[in-house]
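Visitor: Pasting my_file32.txt below, which is compact mmCIF, N, CA and C atoms.
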# COMPACT_ATOMS: atom_id res chain seq x y z
N GLN A 1 -136.29 125.42 23.13
CA GLN A 1 -136.41 124.62 21.93
C GLN A 1 -137.86 124.23 21.71
N VAL A 2 -138.14 123.65 20.57
CA VAL A 2 -139.50 123.27 20.22
C VAL A 2 -139.57 121.77 19.99
N GLN A 3 -140.66 121.16 20.41
CA GLN A 3 -140.90 119.74 20.18
C GLN A 3 -141.94 119.60 19.07
N LEU A 4 -141.71 118.66 18.18
CA LEU A 4 -142.58 118.47 17.02
C LEU A 4 -143.08 117.04 16.97
N ILE A 5 -144.38 116.88 16.75
CA ILE A 5 -144.97 115.56 16.65
C ILE A 5 -145.86 115.50 15.42
N GLU A 6 -145.51 114.63 14.47
CA GLU A 6 -146.29 114.46 13.25
C GLU A 6 -147.40 113.44 13.46
N SER A 7 -148.46 113.60 12.68
CA SER A 7 -149.55 112.63 12.67
C SER A 7 -150.26 112.72 11.33
N GLY A 8 -151.12 111.74 11.08
CA GLY A 8 -151.92 111.78 9.87
C GLY A 8 -151.45 110.85 8.76
N GLY A 9 -150.32 110.19 8.97
CA GLY A 9 -149.86 109.27 7.95
C GLY A 9 -150.74 108.03 7.89
N GLY A 10 -150.49 107.22 6.87
CA GLY A 10 -151.26 105.99 6.71
C GLY A 10 -151.06 105.40 5.34
N GLN A 11 -151.92 104.47 4.98
CA GLN A 11 -151.84 103.82 3.68
C GLN A 11 -153.05 104.22 2.84
N VAL A 12 -152.79 104.65 1.61
CA VAL A 12 -153.86 105.03 0.70
C VAL A 12 -153.56 104.47 -0.68
N GLN A 13 -154.56 104.41 -1.51
CA GLN A 13 -154.38 103.97 -2.89
C GLN A 13 -153.93 105.15 -3.75
N THR A 14 -153.37 104.83 -4.88
CA THR A 14 -152.98 105.85 -5.85
C THR A 14 -154.17 106.76 -6.16
N GLY A 15 -153.89 108.05 -6.14
CA GLY A 15 -154.95 109.03 -6.39
C GLY A 15 -155.64 109.52 -5.13
N GLY A 16 -155.33 108.90 -4.01
CA GLY A 16 -155.95 109.27 -2.76
C GLY A 16 -155.33 110.51 -2.14
N SER A 17 -155.85 110.87 -0.98
CA SER A 17 -155.42 112.08 -0.28
C SER A 17 -155.14 111.79 1.19
N LEU A 18 -154.26 112.58 1.75
CA LEU A 18 -153.98 112.55 3.18
C LEU A 18 -153.64 113.97 3.62
N ARG A 19 -153.89 114.27 4.89
CA ARG A 19 -153.42 115.51 5.47
C ARG A 19 -152.56 115.19 6.68
N LEU A 20 -151.31 115.60 6.59
CA LEU A 20 -150.40 115.44 7.70
C LEU A 20 -150.47 116.66 8.60
N SER A 21 -150.31 116.44 9.89
CA SER A 21 -150.24 117.52 10.86
C SER A 21 -148.94 117.40 11.64
N CYS A 22 -148.48 118.53 12.11
CA CYS A 22 -147.28 118.58 12.94
C CYS A 22 -147.58 119.53 14.09
N ALA A 23 -147.73 118.96 15.27
CA ALA A 23 -148.04 119.76 16.45
C ALA A 23 -146.76 120.19 17.13
N ALA A 24 -146.67 121.48 17.42
CA ALA A 24 -145.47 122.04 18.03
C ALA A 24 -145.75 122.46 19.47
N SER A 25 -144.74 122.28 20.32
CA SER A 25 -144.86 122.72 21.70
C SER A 25 -143.50 123.15 22.21
N GLY A 26 -143.50 123.94 23.25
CA GLY A 26 -142.26 124.31 23.90
C GLY A 26 -141.85 125.75 23.72
N ARG A 27 -141.97 126.29 22.56
CA ARG A 27 -141.62 127.67 22.30
C ARG A 27 -142.69 128.29 21.41
N THR A 28 -142.61 129.57 21.20
CA THR A 28 -143.59 130.26 20.35
C THR A 28 -143.47 129.76 18.92
N PHE A 29 -144.53 129.14 18.45
CA PHE A 29 -144.51 128.49 17.13
C PHE A 29 -144.17 129.46 16.02
N SER A 30 -144.69 130.67 16.12
CA SER A 30 -144.48 131.64 15.05
C SER A 30 -143.04 132.17 15.00
N ASP A 31 -142.20 131.77 15.95
CA ASP A 31 -140.78 132.13 15.91
C ASP A 31 -140.00 131.28 14.90
N TYR A 32 -140.64 130.25 14.37
CA TYR A 32 -139.95 129.28 13.52
C TYR A 32 -140.55 129.24 12.12
N ALA A 33 -139.66 129.28 11.13
CA ALA A 33 -140.07 128.87 9.80
C ALA A 33 -140.11 127.35 9.79
N MET A 34 -140.94 126.78 8.95
CA MET A 34 -141.18 125.35 9.01
C MET A 34 -141.01 124.68 7.65
N GLY A 35 -140.72 123.40 7.70
CA GLY A 35 -140.59 122.64 6.47
C GLY A 35 -141.07 121.21 6.64
N TRP A 36 -141.37 120.61 5.51
CA TRP A 36 -141.65 119.17 5.45
C TRP A 36 -140.57 118.52 4.58
N PHE A 37 -140.06 117.41 5.05
CA PHE A 37 -139.13 116.58 4.30
C PHE A 37 -139.68 115.16 4.29
N ARG A 38 -139.13 114.34 3.40
CA ARG A 38 -139.52 112.94 3.38
C ARG A 38 -138.31 112.06 3.04
N GLN A 39 -138.38 110.82 3.48
CA GLN A 39 -137.32 109.87 3.17
C GLN A 39 -137.95 108.60 2.61
N PRO A 40 -137.86 108.42 1.29
CA PRO A 40 -138.38 107.20 0.68
C PRO A 40 -137.54 106.00 1.09
N PRO A 41 -138.08 104.80 0.96
CA PRO A 41 -137.32 103.60 1.33
C PRO A 41 -136.01 103.50 0.56
N GLY A 42 -134.91 103.34 1.27
CA GLY A 42 -133.62 103.16 0.64
C GLY A 42 -133.02 104.41 0.02
N LYS A 43 -133.64 105.56 0.28
CA LYS A 43 -133.15 106.81 -0.31
C LYS A 43 -132.84 107.83 0.77
N GLU A 44 -132.23 108.93 0.35
CA GLU A 44 -131.90 109.98 1.29
C GLU A 44 -133.12 110.88 1.54
N ARG A 45 -133.05 111.60 2.64
CA ARG A 45 -134.11 112.55 2.96
C ARG A 45 -134.15 113.66 1.93
N GLU A 46 -135.36 114.07 1.54
CA GLU A 46 -135.49 115.10 0.51
C GLU A 46 -136.51 116.15 0.93
N PHE A 47 -136.31 117.34 0.41
CA PHE A 47 -137.19 118.47 0.69
C PHE A 47 -138.54 118.27 0.03
N VAL A 48 -139.60 118.65 0.75
CA VAL A 48 -140.95 118.59 0.19
C VAL A 48 -141.54 119.99 0.07
N ALA A 49 -141.59 120.72 1.18
CA ALA A 49 -142.21 122.05 1.16
C ALA A 49 -141.74 122.85 2.36
N ALA A 50 -141.87 124.18 2.25
CA ALA A 50 -141.49 125.07 3.35
C ALA A 50 -142.43 126.25 3.42
N ILE A 51 -142.46 126.87 4.59
CA ILE A 51 -143.38 127.99 4.80
C ILE A 51 -142.74 128.97 5.78
N THR A 52 -143.00 130.26 5.55
CA THR A 52 -142.44 131.29 6.41
C THR A 52 -143.19 131.38 7.75
N TRP A 53 -142.70 132.23 8.63
CA TRP A 53 -143.17 132.34 9.98
C TRP A 53 -144.67 132.67 10.06
N LEU A 54 -145.11 133.55 9.20
CA LEU A 54 -146.52 133.94 9.22
C LEU A 54 -147.35 133.22 8.16
N GLY A 55 -146.69 132.36 7.39
CA GLY A 55 -147.40 131.62 6.36
C GLY A 55 -147.67 132.41 5.11
N ASP A 56 -146.98 133.53 4.92
CA ASP A 56 -147.26 134.38 3.77
C ASP A 56 -146.50 133.96 2.52
N SER A 57 -145.52 133.08 2.68
CA SER A 57 -144.80 132.54 1.52
C SER A 57 -144.58 131.06 1.70
N THR A 58 -144.72 130.33 0.60
CA THR A 58 -144.50 128.89 0.63
C THR A 58 -143.68 128.47 -0.59
N TRP A 59 -143.04 127.31 -0.46
CA TRP A 59 -142.25 126.73 -1.53
C TRP A 59 -142.53 125.23 -1.54
N ALA A 60 -142.42 124.63 -2.71
CA ALA A 60 -142.61 123.19 -2.81
C ALA A 60 -141.65 122.61 -3.83
N ALA A 61 -141.26 121.38 -3.61
CA ALA A 61 -140.42 120.67 -4.57
C ALA A 61 -141.19 120.46 -5.86
N ASP A 62 -140.46 120.42 -6.96
CA ASP A 62 -141.12 120.25 -8.26
C ASP A 62 -141.95 118.98 -8.30
N SER A 63 -141.49 117.95 -7.61
CA SER A 63 -142.18 116.65 -7.65
C SER A 63 -143.56 116.67 -7.00
N VAL A 64 -143.82 117.68 -6.18
CA VAL A 64 -145.11 117.73 -5.47
C VAL A 64 -145.92 118.97 -5.79
N LYS A 65 -145.37 119.89 -6.58
CA LYS A 65 -146.10 121.12 -6.91
C LYS A 65 -147.43 120.80 -7.57
N GLY A 66 -148.46 121.49 -7.11
CA GLY A 66 -149.79 121.26 -7.65
C GLY A 66 -150.53 120.13 -6.98
N ARG A 67 -149.83 119.34 -6.17
CA ARG A 67 -150.47 118.22 -5.46
C ARG A 67 -150.41 118.38 -3.95
N PHE A 68 -149.33 118.95 -3.43
CA PHE A 68 -149.15 119.10 -1.99
C PHE A 68 -149.23 120.60 -1.64
N THR A 69 -149.86 120.88 -0.51
CA THR A 69 -149.97 122.25 -0.03
C THR A 69 -149.55 122.33 1.44
N ILE A 70 -148.59 123.18 1.72
CA ILE A 70 -148.16 123.40 3.09
C ILE A 70 -148.90 124.60 3.65
N SER A 71 -149.27 124.51 4.92
CA SER A 71 -149.94 125.63 5.58
C SER A 71 -149.66 125.52 7.08
N ARG A 72 -150.00 126.58 7.78
CA ARG A 72 -149.80 126.58 9.23
C ARG A 72 -150.89 127.38 9.91
N ASP A 73 -151.16 127.01 11.14
CA ASP A 73 -152.09 127.75 11.98
C ASP A 73 -151.35 128.09 13.26
N ASN A 74 -150.86 129.32 13.34
CA ASN A 74 -150.04 129.70 14.49
C ASN A 74 -150.86 129.74 15.78
N ALA A 75 -152.14 129.96 15.68
CA ALA A 75 -152.99 129.96 16.87
C ALA A 75 -153.12 128.57 17.46
N LYS A 76 -152.98 127.55 16.60
CA LYS A 76 -153.09 126.16 17.04
C LYS A 76 -151.72 125.49 17.14
N ASN A 77 -150.66 126.25 16.87
CA ASN A 77 -149.30 125.69 16.92
C ASN A 77 -149.15 124.45 16.06
N THR A 78 -149.72 124.50 14.87
CA THR A 78 -149.76 123.32 14.03
C THR A 78 -149.39 123.64 12.59
N LEU A 79 -148.60 122.76 12.02
CA LEU A 79 -148.20 122.80 10.62
C LEU A 79 -148.95 121.69 9.89
N TYR A 80 -149.31 121.95 8.63
CA TYR A 80 -150.06 120.96 7.85
C TYR A 80 -149.38 120.69 6.52
N LEU A 81 -149.67 119.51 5.99
CA LEU A 81 -149.30 119.19 4.61
C LEU A 81 -150.49 118.45 4.00
N GLN A 82 -151.22 119.15 3.16
CA GLN A 82 -152.33 118.53 2.44
C GLN A 82 -151.79 117.88 1.19
N MET A 83 -152.04 116.60 1.03
CA MET A 83 -151.51 115.84 -0.10
C MET A 83 -152.67 115.24 -0.88
N VAL A 84 -152.74 115.54 -2.16
CA VAL A 84 -153.78 114.98 -3.02
C VAL A 84 -153.11 114.31 -4.21
N THR A 85 -153.91 113.53 -4.93
CA THR A 85 -153.41 112.81 -6.11
C THR A 85 -152.11 112.08 -5.79
N LEU A 86 -152.13 111.34 -4.73
CA LEU A 86 -150.91 110.65 -4.27
C LEU A 86 -150.50 109.57 -5.26
N LYS A 87 -149.18 109.39 -5.35
CA LYS A 87 -148.58 108.41 -6.24
C LYS A 87 -147.74 107.43 -5.43
N PRO A 88 -147.48 106.26 -5.95
CA PRO A 88 -146.62 105.31 -5.22
C PRO A 88 -145.26 105.90 -4.86
N GLU A 89 -144.74 106.77 -5.72
CA GLU A 89 -143.42 107.37 -5.43
C GLU A 89 -143.47 108.38 -4.28
N ASP A 90 -144.65 108.69 -3.77
CA ASP A 90 -144.76 109.55 -2.59
C ASP A 90 -144.58 108.74 -1.30
N THR A 91 -144.49 107.44 -1.43
CA THR A 91 -144.29 106.58 -0.26
C THR A 91 -142.98 106.95 0.44
N ALA A 92 -143.08 107.26 1.73
CA ALA A 92 -141.90 107.72 2.47
C ALA A 92 -142.29 107.94 3.93
N ILE A 93 -141.28 108.16 4.74
CA ILE A 93 -141.50 108.71 6.08
C ILE A 93 -141.44 110.23 5.93
N TYR A 94 -142.45 110.90 6.43
CA TYR A 94 -142.54 112.35 6.33
C TYR A 94 -142.19 112.99 7.66
N TYR A 95 -141.32 113.99 7.60
CA TYR A 95 -140.85 114.68 8.79
C TYR A 95 -141.19 116.17 8.71
N CYS A 96 -141.58 116.74 9.82
CA CYS A 96 -141.66 118.20 9.87
C CYS A 96 -140.41 118.71 10.60
N ALA A 97 -140.06 119.94 10.30
CA ALA A 97 -138.84 120.51 10.85
C ALA A 97 -139.02 122.01 11.06
N ALA A 98 -138.28 122.53 12.04
CA ALA A 98 -138.37 123.94 12.40
C ALA A 98 -137.02 124.62 12.29
N SER A 99 -137.02 125.81 11.72
CA SER A 99 -135.80 126.60 11.57
C SER A 99 -135.92 127.87 12.40
N ARG A 100 -134.93 128.15 13.23
CA ARG A 100 -134.96 129.33 14.09
C ARG A 100 -134.14 130.49 13.53
N SER A 101 -133.48 130.28 12.42
CA SER A 101 -132.60 131.31 11.87
C SER A 101 -133.16 131.87 10.57
N PRO A 102 -133.63 133.11 10.59
CA PRO A 102 -134.14 133.70 9.35
C PRO A 102 -133.13 133.69 8.21
N PRO A 103 -131.89 134.09 8.42
CA PRO A 103 -130.95 134.07 7.29
C PRO A 103 -130.75 132.66 6.72
N LYS A 104 -130.60 131.67 7.60
CA LYS A 104 -130.41 130.30 7.12
C LYS A 104 -131.62 129.82 6.34
N PHE A 105 -132.81 130.11 6.87
CA PHE A 105 -134.01 129.64 6.19
C PHE A 105 -134.16 130.29 4.82
N LEU A 106 -133.99 131.59 4.77
CA LEU A 106 -134.22 132.30 3.52
C LEU A 106 -133.21 131.92 2.44
N SER A 107 -132.03 131.50 2.85
CA SER A 107 -131.01 131.12 1.86
C SER A 107 -130.94 129.62 1.62
N GLY A 108 -131.51 128.84 2.53
CA GLY A 108 -131.35 127.39 2.38
C GLY A 108 -132.55 126.57 2.81
N LYS A 109 -133.73 127.04 2.50
CA LYS A 109 -134.94 126.41 2.98
C LYS A 109 -135.13 124.99 2.49
N THR A 110 -134.48 124.60 1.40
CA THR A 110 -134.62 123.24 0.87
C THR A 110 -133.58 122.29 1.45
N GLU A 111 -132.70 122.80 2.28
CA GLU A 111 -131.61 121.98 2.83
C GLU A 111 -131.95 121.53 4.24
N ALA A 112 -131.75 120.26 4.52
CA ALA A 112 -132.06 119.73 5.84
C ALA A 112 -131.22 120.39 6.93
N THR A 113 -130.02 120.80 6.58
CA THR A 113 -129.12 121.41 7.57
C THR A 113 -129.61 122.78 8.04
N THR A 114 -130.57 123.36 7.34
CA THR A 114 -131.13 124.64 7.74
C THR A 114 -131.98 124.52 8.99
N TYR A 115 -132.52 123.35 9.23
CA TYR A 115 -133.52 123.15 10.27
C TYR A 115 -132.89 122.63 11.56
N ASP A 116 -133.39 123.17 12.66
CA ASP A 116 -132.79 122.90 13.96
C ASP A 116 -133.51 121.82 14.75
N TYR A 117 -134.79 121.64 14.50
CA TYR A 117 -135.59 120.68 15.25
C TYR A 117 -136.40 119.83 14.29
N TRP A 118 -136.53 118.56 14.66
CA TRP A 118 -137.21 117.60 13.79
C TRP A 118 -138.21 116.76 14.59
N GLY A 119 -139.28 116.37 13.93
CA GLY A 119 -140.19 115.41 14.52
C GLY A 119 -139.70 114.00 14.31
N GLN A 120 -140.46 113.03 14.79
CA GLN A 120 -140.05 111.63 14.71
C GLN A 120 -140.47 110.99 13.40
N GLY A 121 -141.34 111.64 12.65
CA GLY A 121 -141.76 111.15 11.34
C GLY A 121 -143.07 110.39 11.39
N THR A 122 -143.75 110.38 10.26
CA THR A 122 -144.97 109.61 10.09
C THR A 122 -144.94 108.93 8.73
N GLN A 123 -145.33 107.67 8.69
CA GLN A 123 -145.22 106.87 7.48
C GLN A 123 -146.41 107.12 6.55
N VAL A 124 -146.10 107.36 5.30
CA VAL A 124 -147.12 107.45 4.25
C VAL A 124 -146.82 106.37 3.23
N THR A 125 -147.79 105.53 2.96
CA THR A 125 -147.64 104.45 1.98
C THR A 125 -148.75 104.57 0.94
N VAL A 126 -148.35 104.66 -0.32
CA VAL A 126 -149.31 104.78 -1.42
C VAL A 126 -149.22 103.51 -2.25
N THR A 127 -150.31 102.78 -2.34
CA THR A 127 -150.34 101.52 -3.06
C THR A 127 -150.92 101.71 -4.45
N SER A 128 -150.43 100.90 -5.39
CA SER A 128 -150.91 101.02 -6.77
C SER A 128 -152.08 100.11 -7.01
What do you get writing this file as structure tokens?

Guide:
Amino acid sequence: QVQLIESGGGQVQTGGSLRLSCAASGRTFSDYAMGWFRQPPGKEREFVAAITWLGDSTWAADSVKGRFTISRDNAKNTLYLQMVTLKPEDTAIYYCAASRSPPKFLSGKTEATTYDYWGQGTQVTVTS
């Protein structure tokens, strides 16, 4: 299995930027497709972005398209989420997740049930 640890969260003002990182250990990082999810206060967890094993394809939720960019560095066993033009509605706990099943990922990359391993989350707070 793989262990995931997020970092990079914090508090920023509206319009600010943050870069989240997710460090993976335990298994070969490139064996996993990866995703970012978030859980706003009082709401359910929601899909943010996903990326394939080699990073050649990415997807993002409509709410973050053009503002958030997912990427990965397999040599460093690290997943990233670059966030710019942050809004108060981006306030949430952000989680990275790993999927070990190609069929599940390709058919359900936006679904939390697709992912087998999760990090503990990192808090992002955007103030107005």

Visitor: Would you mind listing what lies within 8 Å of range 42-51 of chain A as a list in words, with all atoms listed in the file counted and same-chain residues fewer than 4 positions away left out?

Guide: Tyr32, Ala33, Met34, Gly35, Trp36, Phe37, Arg38, Gly55, Asp56, Ser57, Thr58, Trp59, Ala60, Ala61, Asp62, Ser63, Val64, Lys65, Phe68, Thr69, Ile70, Ser71, Arg72, Lys109, Thr110, Glu111 and Ala112 of chain A

Visitor: Considering all atoms listed in the file, return as a list in words whatever protein or nucleic-acid residues lie within 6 Å of Val124 in chain A, sequence-local ones (same chain, fewer than 5 positions apart) excluded.

Guide: Gly9, Gly10, Gln11, Asp90, Thr91, Ala92, Ile93 and Tyr94 of chain A

Visitor: Given the selection you just returned, output its residues as a file containing N, CA and C atoms, formatted as a PDB file, keeping the file's coordinate frame.

Guide:
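Listing of again08.pdb after writing:
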ATOM      1  N   GLY A   9    -150.320 110.190   8.970  1.00  0.00           N
ATOM      2  CA  GLY A   9    -149.860 109.270   7.950  1.00  0.00           C
ATOM      3  C   GLY A   9    -150.740 108.030   7.890  1.00  0.00           C
ATOM      4  N   GLY A  10    -150.490 107.220   6.870  1.00  0.00           N
ATOM      5  CA  GLY A  10    -151.260 105.990   6.710  1.00  0.00           C
ATOM      6  C   GLY A  10    -151.060 105.400   5.340  1.00  0.00           C
ATOM      7  N   GLN A  11    -151.920 104.470   4.980  1.00  0.00           N
ATOM      8  CA  GLN A  11    -151.840 103.820   3.680  1.00  0.00           C
ATOM      9  C   GLN A  11    -153.050 104.220   2.840  1.00  0.00           C
ATOM     10  N   ASP A  90    -144.650 108.690  -3.770  1.00  0.00           N
ATOM     11  CA  ASP A  90    -144.760 109.550  -2.590  1.00  0.00           C
ATOM     12  C   ASP A  90    -144.580 108.740  -1.300  1.00  0.00           C
ATOM     13  N   THR A  91    -144.490 107.440  -1.430  1.00  0.00           N
ATOM     14  CA  THR A  91    -144.290 106.580  -0.260  1.00  0.00           C
ATOM     15  C   THR A  91    -142.980 106.950   0.440  1.00  0.00           C
ATOM     16  N   ALA A  92    -143.080 107.260   1.730  1.00  0.00           N
ATOM     17  CA  ALA A  92    -141.900 107.720   2.470  1.00  0.00           C
ATOM     18  C   ALA A  92    -142.290 107.940   3.930  1.00  0.00           C
ATOM     19  N   ILE A  93    -141.280 108.160   4.740  1.00  0.00           N
ATOM     20  CA  ILE A  93    -141.500 108.710   6.080  1.00  0.00           C
ATOM     21  C   ILE A  93    -141.440 110.230   5.930  1.00  0.00           C
ATOM     22  N   TYR A  94    -142.450 110.900   6.430  1.00  0.00           N
ATOM     23  CA  TYR A  94    -142.540 112.350   6.330  1.00  0.00           C
ATOM     24  C   TYR A  94    -142.190 112.990   7.660  1.00  0.00           C
TER      25      TYR A  94
END

Visitor: Might you pull out every residue within 7 Å of Glu6 in chain A, with only N, CA and C atoms counted and same-chain residues fewer than 4 positions away left off, and present them as JSON, numbers by chain?

Guide: {"A": [20, 21, 22, 23, 96, 119, 120, 121, 122]}

Visitor: So which residues touch Thr85 in chain A within 6 Å, counting only N, CA and C atoms, skipping near sequence neighbours fewer than 4 positions away, as a list of chain:residue names?

Guide: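 Non-adjacent residues within range: A:Thr14, A:Gly15, A:Gly16, A:Ser17, A:Arg67.
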
Visitor: Pick from A:Trp53, A:Trp118, A:Tyr95, A:Tyr80: nearest to Leu4 in chain A, with all atoms listed in the file counted?

Guide: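 Answer, going by the shortest atom-to-atom distance: A:Trp118.
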
Visitor: Need the shell around Asp116 in chain A: protein/DNA/RNA residues with any atom at most 8 Å away, counting all atoms listed in the file. Skip same-chain ones fewer than 4 positions apart. Format as JSON, numbers by chain?

Guide: {"A": [2, 97, 98, 99, 100, 101, 112]}

Visitor: Do you have the atom C of Thr127 in chain A-CA of Ile5 in chain A distance handy?

Guide: 25.9 Å

Visitor: What is the distance between CA of Gln3 in chain A and CA of Leu18 in chain A, in Å to one decimal?

Guide: 22.6 Å

Visitor: Just list as a PyMOL selection string whatever in chain A DSSP marks as strand (DSSP E).

Guide: chain A and resi 3-7+10-13+18-25+33-39+46-51+58-60+68-73+78-83+92-99+117-118+122-127

Visitor: Can you sort out the box for range 105-111 of chain A, edges along x, y and z, all listed atoms in, 5 Å on every side, with centre and edge lengths in Å to one decimal, as lines of an AutoDock Vina configuration file?

Guide:
center_x = -133.0
center_y = 126.9
center_z = 3.9
size_x = 14.2
size_y = 20.8
size_z = 16.0

Visitor: Do you have the CA of Gln13 in chain A-CA of Gln123 in chain A distance handy?

Guide: 14.1 Å

Visitor: List every residue of chain A that DSSP, applied to the backbone of this structure, places in alpha helix (DSSP H), and write the result as a list of chain:residue names.

Guide: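 Taking chain A and keeping alpha helix (DSSP H) only, one gets A:Pro102, A:Pro103, A:Lys104, A:Phe105, A:Leu106, A:Ser107, A:Gly108.
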
Visitor: Using only N, CA and C atoms, please write the residues we just selected to a file, as a PDB file, keeping the file's coordinate frame.

Guide:
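Produced file result26.pdb, reproduced below:
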ATOM      1  N   PRO A 102    -133.630 133.110  10.590  1.00  0.00           N
ATOM      2  CA  PRO A 102    -134.140 133.700   9.350  1.00  0.00           C
ATOM      3  C   PRO A 102    -133.130 133.690   8.210  1.00  0.00           C
ATOM      4  N   PRO A 103    -131.890 134.090   8.420  1.00  0.00           N
ATOM      5  CA  PRO A 103    -130.950 134.070   7.290  1.00  0.00           C
ATOM      6  C   PRO A 103    -130.750 132.660   6.720  1.00  0.00           C
ATOM      7  N   LYS A 104    -130.600 131.670   7.600  1.00  0.00           N
ATOM      8  CA  LYS A 104    -130.410 130.300   7.120  1.00  0.00           C
ATOM      9  C   LYS A 104    -131.620 129.820   6.340  1.00  0.00           C
ATOM     10  N   PHE A 105    -132.810 130.110   6.870  1.00  0.00           N
ATOM     11  CA  PHE A 105    -134.010 129.640   6.190  1.00  0.00           C
ATOM     12  C   PHE A 105    -134.160 130.290   4.820  1.00  0.00           C
ATOM     13  N   LEU A 106    -133.990 131.590   4.770  1.00  0.00           N
ATOM     14  CA  LEU A 106    -134.220 132.300   3.520  1.00  0.00           C
ATOM     15  C   LEU A 106    -133.210 131.920   2.440  1.00  0.00           C
ATOM     16  N   SER A 107    -132.030 131.500   2.850  1.00  0.00           N
ATOM     17  CA  SER A 107    -131.010 131.120   1.860  1.00  0.00           C
ATOM     18  C   SER A 107    -130.940 129.620   1.620  1.00  0.00           C
ATOM     19  N   GLY A 108    -131.510 128.840   2.530  1.00  0.00           N
ATOM     20  CA  GLY A 108    -131.350 127.390   2.380  1.00  0.00           C
ATOM     21  C   GLY A 108    -132.550 126.570   2.810  1.00  0.00           C
TER      22      GLY A 108
END

Visitor: Add whatever atoms are absent from range 50-61 of chain A to reach N, CA, C and O atoms, and provide the output as a PDB file, in the coordinates of the input.

Guide:
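Listed below is the output, selection.pdb:
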ATOM      1  N   ALA A  50    -141.870 124.180   2.250  1.00  0.00           N
ATOM      2  CA  ALA A  50    -141.490 125.070   3.350  1.00  0.00           C
ATOM      3  C   ALA A  50    -142.430 126.250   3.420  1.00  0.00           C
ATOM      4  O   ALA A  50    -143.077 126.594   2.420  1.00  0.00           O
ATOM      5  N   ILE A  51    -142.460 126.870   4.590  1.00  0.00           N
ATOM      6  CA  ILE A  51    -143.380 127.990   4.800  1.00  0.00           C
ATOM      7  C   ILE A  51    -142.740 128.970   5.780  1.00  0.00           C
ATOM      8  O   ILE A  51    -142.031 128.583   6.704  1.00  0.00           O
ATOM      9  N   THR A  52    -143.000 130.260   5.550  1.00  0.00           N
ATOM     10  CA  THR A  52    -142.440 131.290   6.410  1.00  0.00           C
ATOM     11  C   THR A  52    -143.190 131.380   7.750  1.00  0.00           C
ATOM     12  O   THR A  52    -144.185 130.706   7.956  1.00  0.00           O
ATOM     13  N   TRP A  53    -142.700 132.230   8.630  1.00  0.00           N
ATOM     14  CA  TRP A  53    -143.170 132.340   9.980  1.00  0.00           C
ATOM     15  C   TRP A  53    -144.670 132.670  10.060  1.00  0.00           C
ATOM     16  O   TRP A  53    -145.380 132.108  10.885  1.00  0.00           O
ATOM     17  N   LEU A  54    -145.110 133.550   9.200  1.00  0.00           N
ATOM     18  CA  LEU A  54    -146.520 133.940   9.220  1.00  0.00           C
ATOM     19  C   LEU A  54    -147.350 133.220   8.160  1.00  0.00           C
ATOM     20  O   LEU A  54    -148.549 133.445   8.046  1.00  0.00           O
ATOM     21  N   GLY A  55    -146.690 132.360   7.390  1.00  0.00           N
ATOM     22  CA  GLY A  55    -147.400 131.620   6.360  1.00  0.00           C
ATOM     23  C   GLY A  55    -147.670 132.410   5.110  1.00  0.00           C
ATOM     24  O   GLY A  55    -148.481 131.992   4.276  1.00  0.00           O
ATOM     25  N   ASP A  56    -146.980 133.530   4.920  1.00  0.00           N
ATOM     26  CA  ASP A  56    -147.260 134.380   3.770  1.00  0.00           C
ATOM     27  C   ASP A  56    -146.500 133.960   2.520  1.00  0.00           C
ATOM     28  O   ASP A  56    -146.805 134.442   1.425  1.00  0.00           O
ATOM     29  N   SER A  57    -145.520 133.080   2.680  1.00  0.00           N
ATOM     30  CA  SER A  57    -144.800 132.540   1.520  1.00  0.00           C
ATOM     31  C   SER A  57    -144.580 131.060   1.700  1.00  0.00           C
ATOM     32  O   SER A  57    -144.285 130.603   2.811  1.00  0.00           O
ATOM     33  N   THR A  58    -144.720 130.330   0.600  1.00  0.00           N
ATOM     34  CA  THR A  58    -144.500 128.890   0.630  1.00  0.00           C
ATOM     35  C   THR A  58    -143.680 128.470  -0.590  1.00  0.00           C
ATOM     36  O   THR A  58    -143.642 129.169  -1.611  1.00  0.00           O
ATOM     37  N   TRP A  59    -143.040 127.310  -0.460  1.00  0.00           N
ATOM     38  CA  TRP A  59    -142.250 126.730  -1.530  1.00  0.00           C
ATOM     39  C   TRP A  59    -142.530 125.230  -1.540  1.00  0.00           C
ATOM     40  O   TRP A  59    -142.827 124.643  -0.490  1.00  0.00           O
ATOM     41  N   ALA A  60    -142.420 124.630  -2.710  1.00  0.00           N
ATOM     42  CA  ALA A  60    -142.610 123.190  -2.810  1.00  0.00           C
ATOM     43  C   ALA A  60    -141.650 122.610  -3.830  1.00  0.00           C
ATOM     44  O   ALA A  60    -141.292 123.265  -4.812  1.00  0.00           O
ATOM     45  N   ALA A  61    -141.260 121.380  -3.610  1.00  0.00           N
ATOM     46  CA  ALA A  61    -140.420 120.670  -4.570  1.00  0.00           C
ATOM     47  C   ALA A  61    -141.190 120.460  -5.860  1.00  0.00           C
ATOM     48  O   ALA A  61    -142.425 120.325  -5.853  1.00  0.00           O
TER      49      ALA A  61
END
